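> My structure is below; once you've seen it, I'll send some questions.
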Amino acid sequence: MCDDDYLDVSRFLEDAVERMEVGELIHGEDFSLQDSMAAIGLMNPKMDVGFGDRVRANDVDLKWDLSPEELVALADEFLRREAVWLEAHTLPQTIYASVYLLRMEECRSPLLNALLRMTATRVSLLKDIIAGGKTVTDEEDFLAGNFGLPLIPILSIEAIANIATTAYAELPERTSDPYVSALRDRIMWRALYHGSLICMVQCQQLDYPEEVIAKLQHTMEVLRKSKETMAKVPAPGFDERVTRHLILTSPPRSTSFLSTEEAYNYYERNLDQLIQMCTLSVVSELDRSQQMWEGF
């Protein structure tokens, strides 16, 4: 392209500036402040969270035959990322940076399938509870967008139970491997937690039966038992480059993941609050109810 292809508009812009008052702006009909701010940061690695090398999920070399310890590490990594997602970070930056989730249909392992299906359906369930019209949320509290990700439907309690039963059948009943028991506990508490949330959603006017409270308390017990054995290997199958292109151009928000212990503590607090909320429906004494609300 030669210089003749360009038109010098410098003088025109200088004249316009001289005639404009402070605070005035010339723009087209389709102008928006958000678009203009995004244009400034476009392709700037310091400003554009979606900028950078992209890797296709199908090009990632995955190991499908995972050991019990690797599966425990994967389960705990999902827990860490889910806790951060619930604190207003995006799905592409957190849970769905897992290539296993994006290629879930290729999975033939009942144990890995249980972790993937339970994680994916809990994302759909929590998203529906928080942003499905039942509550009021702000983007500073929770990002409800799918970002074009292939979310799965919410599975029923029966479907989750069948997935868990199939996974349990793959685990030996007697073993000296501590990660086998740890994996069983992680699958169990996820199934219990999913069932508890669905039961709570189905209850009307905060009238929670004692069976729901008992299920939540059992979930807490299994969750705490899961903390007794932690994996020493890194979680496989995560690559933020795979979903980077799904993130809208915007100033970056640093994603600081919780430690595994912090993630478990996060869910202990979550379960404790759910138990307190359900218990309020069966507490008749005013003083005790007030104490529980204050504690909550």
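Residues in the structure tokens are numbered from 1 in each chain, the chains being A, B, ... in the order shown, and ligands are numbered from 1 in the order shown.
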Enumerate, as number ranges by chain, the complete set of residues in stretch 38-286 of chain A that a backbone-based DSSP assignment places in alpha helix (DSSP H).

A: 38-41, 68-85, 99-102, 110-131, 157-168, 178-202, 210-226, 260-279, 286

> With distances taken over only C-alpha atoms, which residue among A:Ile247, A:Met200, A:Met230, A:Ala131 lies nearest A:Asp185?

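When distances to A:Asp185 are compared using only C-alpha atoms, the smallest one comes from A:Met230.
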
> Excluding same-chain residues fewer than 5 positions from A:Ala57, what lies within 12 Å of it counting only C-alpha atoms, as number ranges by chain?

A: 62, 96-104, 237-245

> Write out as a Markdown table a residue-level contact list of stretch 181-283 of chain A versus stretch 74-94 of chain A with cut-off 12 Å: for each qualifying residue the closest pair of atoms and the distance in Å to one decimal, counting only C-alpha atoms, rows sorted by chain and residue number upward.


| residue | atom | partner | partner_atom | distance |
| --- | --- | --- | --- | --- |
| A:Ala182 | CA | A:Ala75 | CA | 10.2 |
| A:Leu183 | CA | A:Ala75 | CA | 8.2 |
| A:Arg184 | CA | A:Ala75 | CA | 11.0 |
| A:Asp185 | CA | A:Ala75 | CA | 10.7 |
| A:Arg186 | CA | A:Ala75 | CA | 7.2 |
| A:Ile187 | CA | A:Ala75 | CA | 8.6 |
| A:Met188 | CA | A:Ala75 | CA | 11.8 |
| A:Trp189 | CA | A:Ala75 | CA | 11.2 |
| A:Arg190 | CA | A:Ala75 | CA | 9.8 |
| A:Leu223 | CA | A:Asp76 | CA | 11.3 |
| A:Ser226 | CA | A:Asp76 | CA | 9.7 |
| A:Lys227 | CA | A:Asp76 | CA | 9.6 |
| A:Thr229 | CA | A:Asp76 | CA | 10.8 |
| A:Met230 | CA | A:Asp76 | CA | 8.3 |
| A:Ala231 | CA | A:Asp76 | CA | 8.5 |
| A:Lys232 | CA | A:Leu74 | CA | 11.3 |
| A:Val233 | CA | A:Leu74 | CA | 9.5 |
| A:Pro234 | CA | A:Leu74 | CA | 8.0 |
| A:Ala235 | CA | A:Leu74 | CA | 4.7 |
| A:Pro236 | CA | A:Leu74 | CA | 6.5 |
| A:Gly237 | CA | A:Leu74 | CA | 8.4 |
| A:Phe238 | CA | A:Leu74 | CA | 9.3 |
| A:Asp239 | CA | A:Gln93 | CA | 9.4 |
| A:Glu240 | CA | A:Gln93 | CA | 6.3 |
| A:Arg241 | CA | A:Gln93 | CA | 9.2 |
| A:Val242 | CA | A:Pro92 | CA | 8.5 |
| A:Thr243 | CA | A:Pro92 | CA | 5.3 |
| A:Arg244 | CA | A:Pro92 | CA | 6.8 |
| A:His245 | CA | A:Pro92 | CA | 8.9 |
| A:Leu246 | CA | A:Pro92 | CA | 6.9 |
| A:Ile247 | CA | A:Pro92 | CA | 6.9 |
| A:Leu248 | CA | A:Thr90 | CA | 10.2 |
| A:Pro252 | CA | A:His89 | CA | 10.7 |
| A:Arg253 | CA | A:His89 | CA | 8.0 |
| A:Ser254 | CA | A:His89 | CA | 9.1 |
| A:Thr255 | CA | A:His89 | CA | 7.2 |
| A:Ser256 | CA | A:Val84 | CA | 7.7 |
| A:Phe257 | CA | A:Val84 | CA | 6.3 |
| A:Leu258 | CA | A:Arg80 | CA | 5.7 |
| A:Ser259 | CA | A:Arg80 | CA | 6.8 |
| A:Thr260 | CA | A:Arg80 | CA | 6.1 |
| A:Glu261 | CA | A:Arg80 | CA | 8.9 |
| A:Glu262 | CA | A:Arg80 | CA | 8.0 |
| A:Ala263 | CA | A:Arg80 | CA | 5.2 |
| A:Tyr264 | CA | A:Leu79 | CA | 7.6 |
| A:Asn265 | CA | A:Ala83 | CA | 10.2 |
| A:Tyr266 | CA | A:Ala83 | CA | 7.1 |
| A:Tyr267 | CA | A:Ala83 | CA | 7.9 |
| A:Glu268 | CA | A:Ala83 | CA | 11.5 |
| A:Arg269 | CA | A:Ala83 | CA | 11.5 |
| A:Asn270 | CA | A:Ala83 | CA | 10.2 |

> For the residues in that selection, give me N, CA and C atoms as a compact mmCIF listing (two decimals), in the first residue's frame.


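The result, written out as result_8.txt:
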# COMPACT_ATOMS: atom_id res chain seq x y z
N ALA A 182 -9.79 -43.08 49.37
CA ALA A 182 -9.94 -41.63 49.21
C ALA A 182 -10.79 -41.30 47.98
N LEU A 183 -10.61 -42.05 46.92
CA LEU A 183 -11.40 -41.84 45.70
C LEU A 183 -12.86 -42.19 45.94
N ARG A 184 -13.09 -43.29 46.65
CA ARG A 184 -14.46 -43.69 46.97
C ARG A 184 -15.17 -42.60 47.77
N ASP A 185 -14.47 -42.02 48.75
CA ASP A 185 -15.06 -40.95 49.55
C ASP A 185 -15.38 -39.73 48.70
N ARG A 186 -14.52 -39.39 47.77
CA ARG A 186 -14.74 -38.22 46.93
C ARG A 186 -15.93 -38.40 46.00
N ILE A 187 -16.09 -39.59 45.48
CA ILE A 187 -17.26 -39.87 44.65
C ILE A 187 -18.53 -39.84 45.50
N MET A 188 -18.45 -40.41 46.70
CA MET A 188 -19.62 -40.48 47.58
C MET A 188 -20.10 -39.10 48.01
N TRP A 189 -19.20 -38.22 48.43
CA TRP A 189 -19.66 -36.93 48.93
C TRP A 189 -20.20 -36.06 47.81
N ARG A 190 -19.67 -36.25 46.61
CA ARG A 190 -20.23 -35.51 45.47
C ARG A 190 -21.65 -35.95 45.16
N LEU A 223 -17.15 -35.54 53.51
CA LEU A 223 -16.23 -34.50 53.04
C LEU A 223 -15.02 -34.40 53.95
N SER A 226 -12.67 -37.20 53.51
CA SER A 226 -11.90 -37.10 52.27
C SER A 226 -10.59 -36.34 52.46
N LYS A 227 -10.58 -35.42 53.42
CA LYS A 227 -9.38 -34.59 53.65
C LYS A 227 -8.22 -35.38 54.24
N THR A 229 -6.66 -37.95 53.16
CA THR A 229 -5.68 -38.43 52.18
C THR A 229 -5.64 -37.48 51.00
N MET A 230 -4.50 -36.86 50.79
CA MET A 230 -4.31 -35.94 49.67
C MET A 230 -3.29 -36.53 48.68
N ALA A 231 -3.52 -36.27 47.40
CA ALA A 231 -2.61 -36.76 46.37
C ALA A 231 -1.30 -35.97 46.38
N LYS A 232 -0.24 -36.62 46.00
CA LYS A 232 1.07 -35.98 45.91
C LYS A 232 1.49 -35.71 44.47
N VAL A 233 0.63 -36.04 43.53
CA VAL A 233 0.93 -35.82 42.11
C VAL A 233 0.04 -34.68 41.60
N PRO A 234 0.46 -33.97 40.55
CA PRO A 234 -0.37 -32.89 40.01
C PRO A 234 -1.59 -33.43 39.29
N ALA A 235 -2.64 -32.62 39.25
CA ALA A 235 -3.87 -33.02 38.55
C ALA A 235 -3.63 -32.98 37.05
N PRO A 236 -4.00 -34.03 36.34
CA PRO A 236 -3.76 -34.06 34.90
C PRO A 236 -4.88 -33.38 34.11
N GLY A 237 -4.54 -32.96 32.88
CA GLY A 237 -5.56 -32.57 31.91
C GLY A 237 -6.07 -31.15 31.97
N PHE A 238 -5.32 -30.22 32.58
CA PHE A 238 -5.76 -28.83 32.61
C PHE A 238 -4.86 -27.98 31.72
N ASP A 239 -5.48 -27.13 30.89
CA ASP A 239 -4.73 -26.25 30.00
C ASP A 239 -5.59 -25.03 29.70
N GLU A 240 -5.25 -23.89 30.32
CA GLU A 240 -6.05 -22.67 30.16
C GLU A 240 -6.05 -22.15 28.73
N ARG A 241 -5.08 -22.57 27.91
CA ARG A 241 -5.03 -22.09 26.53
C ARG A 241 -6.19 -22.62 25.69
N VAL A 242 -6.77 -23.73 26.10
CA VAL A 242 -7.84 -24.37 25.32
C VAL A 242 -9.10 -23.51 25.30
N THR A 243 -9.41 -22.85 26.41
CA THR A 243 -10.65 -22.07 26.50
C THR A 243 -10.39 -20.56 26.54
N ARG A 244 -9.15 -20.15 26.32
CA ARG A 244 -8.82 -18.73 26.41
C ARG A 244 -9.61 -17.89 25.42
N HIS A 245 -9.87 -18.44 24.23
CA HIS A 245 -10.57 -17.66 23.19
C HIS A 245 -12.03 -17.40 23.53
N LEU A 246 -12.57 -18.09 24.52
CA LEU A 246 -13.98 -17.91 24.89
C LEU A 246 -14.20 -16.73 25.82
N ILE A 247 -13.11 -16.18 26.38
CA ILE A 247 -13.23 -15.10 27.35
C ILE A 247 -13.32 -13.77 26.61
N LEU A 248 -14.31 -12.97 26.97
CA LEU A 248 -14.49 -11.68 26.34
C LEU A 248 -13.31 -10.76 26.61
N PRO A 252 -7.90 -7.91 32.68
CA PRO A 252 -7.75 -9.21 33.33
C PRO A 252 -8.07 -9.18 34.80
N ARG A 253 -8.63 -10.27 35.28
CA ARG A 253 -8.83 -10.48 36.71
C ARG A 253 -7.95 -11.66 37.09
N SER A 254 -7.00 -11.43 37.93
CA SER A 254 -6.11 -12.51 38.32
C SER A 254 -6.90 -13.59 39.06
N THR A 255 -6.69 -14.83 38.65
CA THR A 255 -7.38 -15.95 39.25
C THR A 255 -6.44 -16.64 40.23
N SER A 256 -6.64 -16.41 41.49
CA SER A 256 -5.82 -17.04 42.52
C SER A 256 -6.58 -18.24 43.08
N PHE A 257 -6.09 -19.42 42.78
CA PHE A 257 -6.78 -20.63 43.23
C PHE A 257 -6.47 -20.90 44.69
N LEU A 258 -7.47 -21.43 45.37
CA LEU A 258 -7.29 -21.82 46.76
C LEU A 258 -6.40 -23.06 46.82
N SER A 259 -5.77 -23.26 47.95
CA SER A 259 -5.08 -24.52 48.16
C SER A 259 -6.14 -25.61 48.34
N THR A 260 -5.71 -26.87 48.26
CA THR A 260 -6.67 -27.97 48.43
C THR A 260 -7.33 -27.91 49.80
N GLU A 261 -6.55 -27.64 50.83
CA GLU A 261 -7.11 -27.55 52.17
C GLU A 261 -8.10 -26.39 52.28
N GLU A 262 -7.76 -25.24 51.68
CA GLU A 262 -8.66 -24.08 51.70
C GLU A 262 -9.96 -24.39 50.96
N ALA A 263 -9.86 -25.14 49.87
CA ALA A 263 -11.07 -25.50 49.12
C ALA A 263 -11.99 -26.40 49.95
N TYR A 264 -11.39 -27.34 50.67
CA TYR A 264 -12.21 -28.20 51.54
C TYR A 264 -12.84 -27.38 52.67
N ASN A 265 -12.09 -26.44 53.23
CA ASN A 265 -12.64 -25.57 54.27
C ASN A 265 -13.78 -24.72 53.72
N TYR A 266 -13.64 -24.28 52.47
CA TYR A 266 -14.68 -23.49 51.81
C TYR A 266 -15.99 -24.29 51.75
N TYR A 267 -15.89 -25.57 51.38
CA TYR A 267 -17.09 -26.38 51.27
C TYR A 267 -17.62 -26.82 52.62
N GLU A 268 -16.75 -26.92 53.61
CA GLU A 268 -17.23 -27.19 54.96
C GLU A 268 -18.09 -26.03 55.44
N ARG A 269 -17.63 -24.81 55.20
CA ARG A 269 -18.43 -23.63 55.59
C ARG A 269 -19.74 -23.60 54.81
N ASN A 270 -19.67 -23.94 53.53
CA ASN A 270 -20.87 -23.96 52.70
C ASN A 270 -21.89 -24.96 53.24

> Mind pulling up the distance from atom CA of A:Ile275 to atom CA of A:His218?

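Atom-to-atom, atom CA of A:His218 and atom CA of A:Ile275 are spaced 10.7 Å apart.
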
> Counting only C-alpha atoms, which of A:Ser124, A:Ser32, A:Ser181, A:Gln273 gets nearest to A:Ile152?

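When distances to A:Ile152 are compared using only C-alpha atoms, the smallest one comes from A:Ser124.
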
> Provide the atom CA of A:Ile130 to atom CA of A:Leu197 distance in Å, to one decimal place.

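That distance, rounded to one decimal, is 11.8 Å.
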
> What lies within 9 Å of A:Ile213 using only C-alpha atoms, ignoring chain neighbours under 3 positions off, as a ChimeraX atom specification?

/A:196,208-210,216-218,274-276,278-279

> Would you save the residues of that selection, restricted to N, CA, C and O atoms, as a short mmCIF file (atom, residue, chain, number, x, y, z; two decimals), in the first residue's frame?


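Now in again-v3.cif:
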data_model
loop_
_atom_site.label_atom_id
_atom_site.label_comp_id
_atom_site.auth_asym_id
_atom_site.auth_seq_id
_atom_site.Cartn_x
_atom_site.Cartn_y
_atom_site.Cartn_z
N SER A 196 -28.48 -33.62 47.95
CA SER A 196 -28.95 -32.68 48.98
C SER A 196 -29.42 -31.38 48.35
O SER A 196 -30.47 -30.83 48.72
N TYR A 208 -37.85 -27.68 55.24
CA TYR A 208 -36.95 -28.77 54.93
C TYR A 208 -37.18 -29.93 55.91
O TYR A 208 -37.08 -29.75 57.12
N PRO A 209 -37.44 -31.13 55.40
CA PRO A 209 -37.63 -32.28 56.29
C PRO A 209 -36.30 -32.68 56.92
O PRO A 209 -35.22 -32.34 56.44
N GLU A 210 -36.40 -33.41 58.01
CA GLU A 210 -35.19 -33.82 58.73
C GLU A 210 -34.31 -34.75 57.89
O GLU A 210 -33.12 -34.83 58.13
N LEU A 216 -27.37 -33.75 54.50
CA LEU A 216 -26.32 -32.73 54.52
C LEU A 216 -25.27 -33.05 55.58
O LEU A 216 -24.06 -32.87 55.34
N GLN A 217 -25.71 -33.50 56.74
CA GLN A 217 -24.76 -33.84 57.80
C GLN A 217 -23.89 -35.03 57.39
O GLN A 217 -22.69 -35.06 57.68
N HIS A 218 -24.48 -36.01 56.71
CA HIS A 218 -23.71 -37.14 56.20
C HIS A 218 -22.70 -36.68 55.15
O HIS A 218 -21.55 -37.14 55.11
N LEU A 274 -25.65 -24.38 54.93
CA LEU A 274 -26.84 -25.06 54.43
C LEU A 274 -27.55 -25.81 55.55
O LEU A 274 -28.79 -25.80 55.63
N ILE A 275 -26.77 -26.47 56.40
CA ILE A 275 -27.37 -27.20 57.53
C ILE A 275 -28.08 -26.23 58.47
O ILE A 275 -29.20 -26.48 58.93
N GLN A 276 -27.44 -25.09 58.76
CA GLN A 276 -28.07 -24.09 59.64
C GLN A 276 -29.36 -23.58 59.02
O GLN A 276 -30.38 -23.42 59.71
N CYS A 278 -31.36 -25.07 56.87
CA CYS A 278 -32.40 -26.09 56.93
C CYS A 278 -32.91 -26.30 58.35
O CYS A 278 -34.09 -26.53 58.56
N THR A 279 -32.01 -26.21 59.33
CA THR A 279 -32.39 -26.43 60.72
C THR A 279 -33.35 -25.36 61.21
O THR A 279 -34.19 -25.62 62.08
#

> Please compute the atom CA of A:Asp272-atom CA of A:Thr121 distance, one decimal, in Å.

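Pair atom CA of A:Asp272 / atom CA of A:Thr121 returns 22.0 Å.
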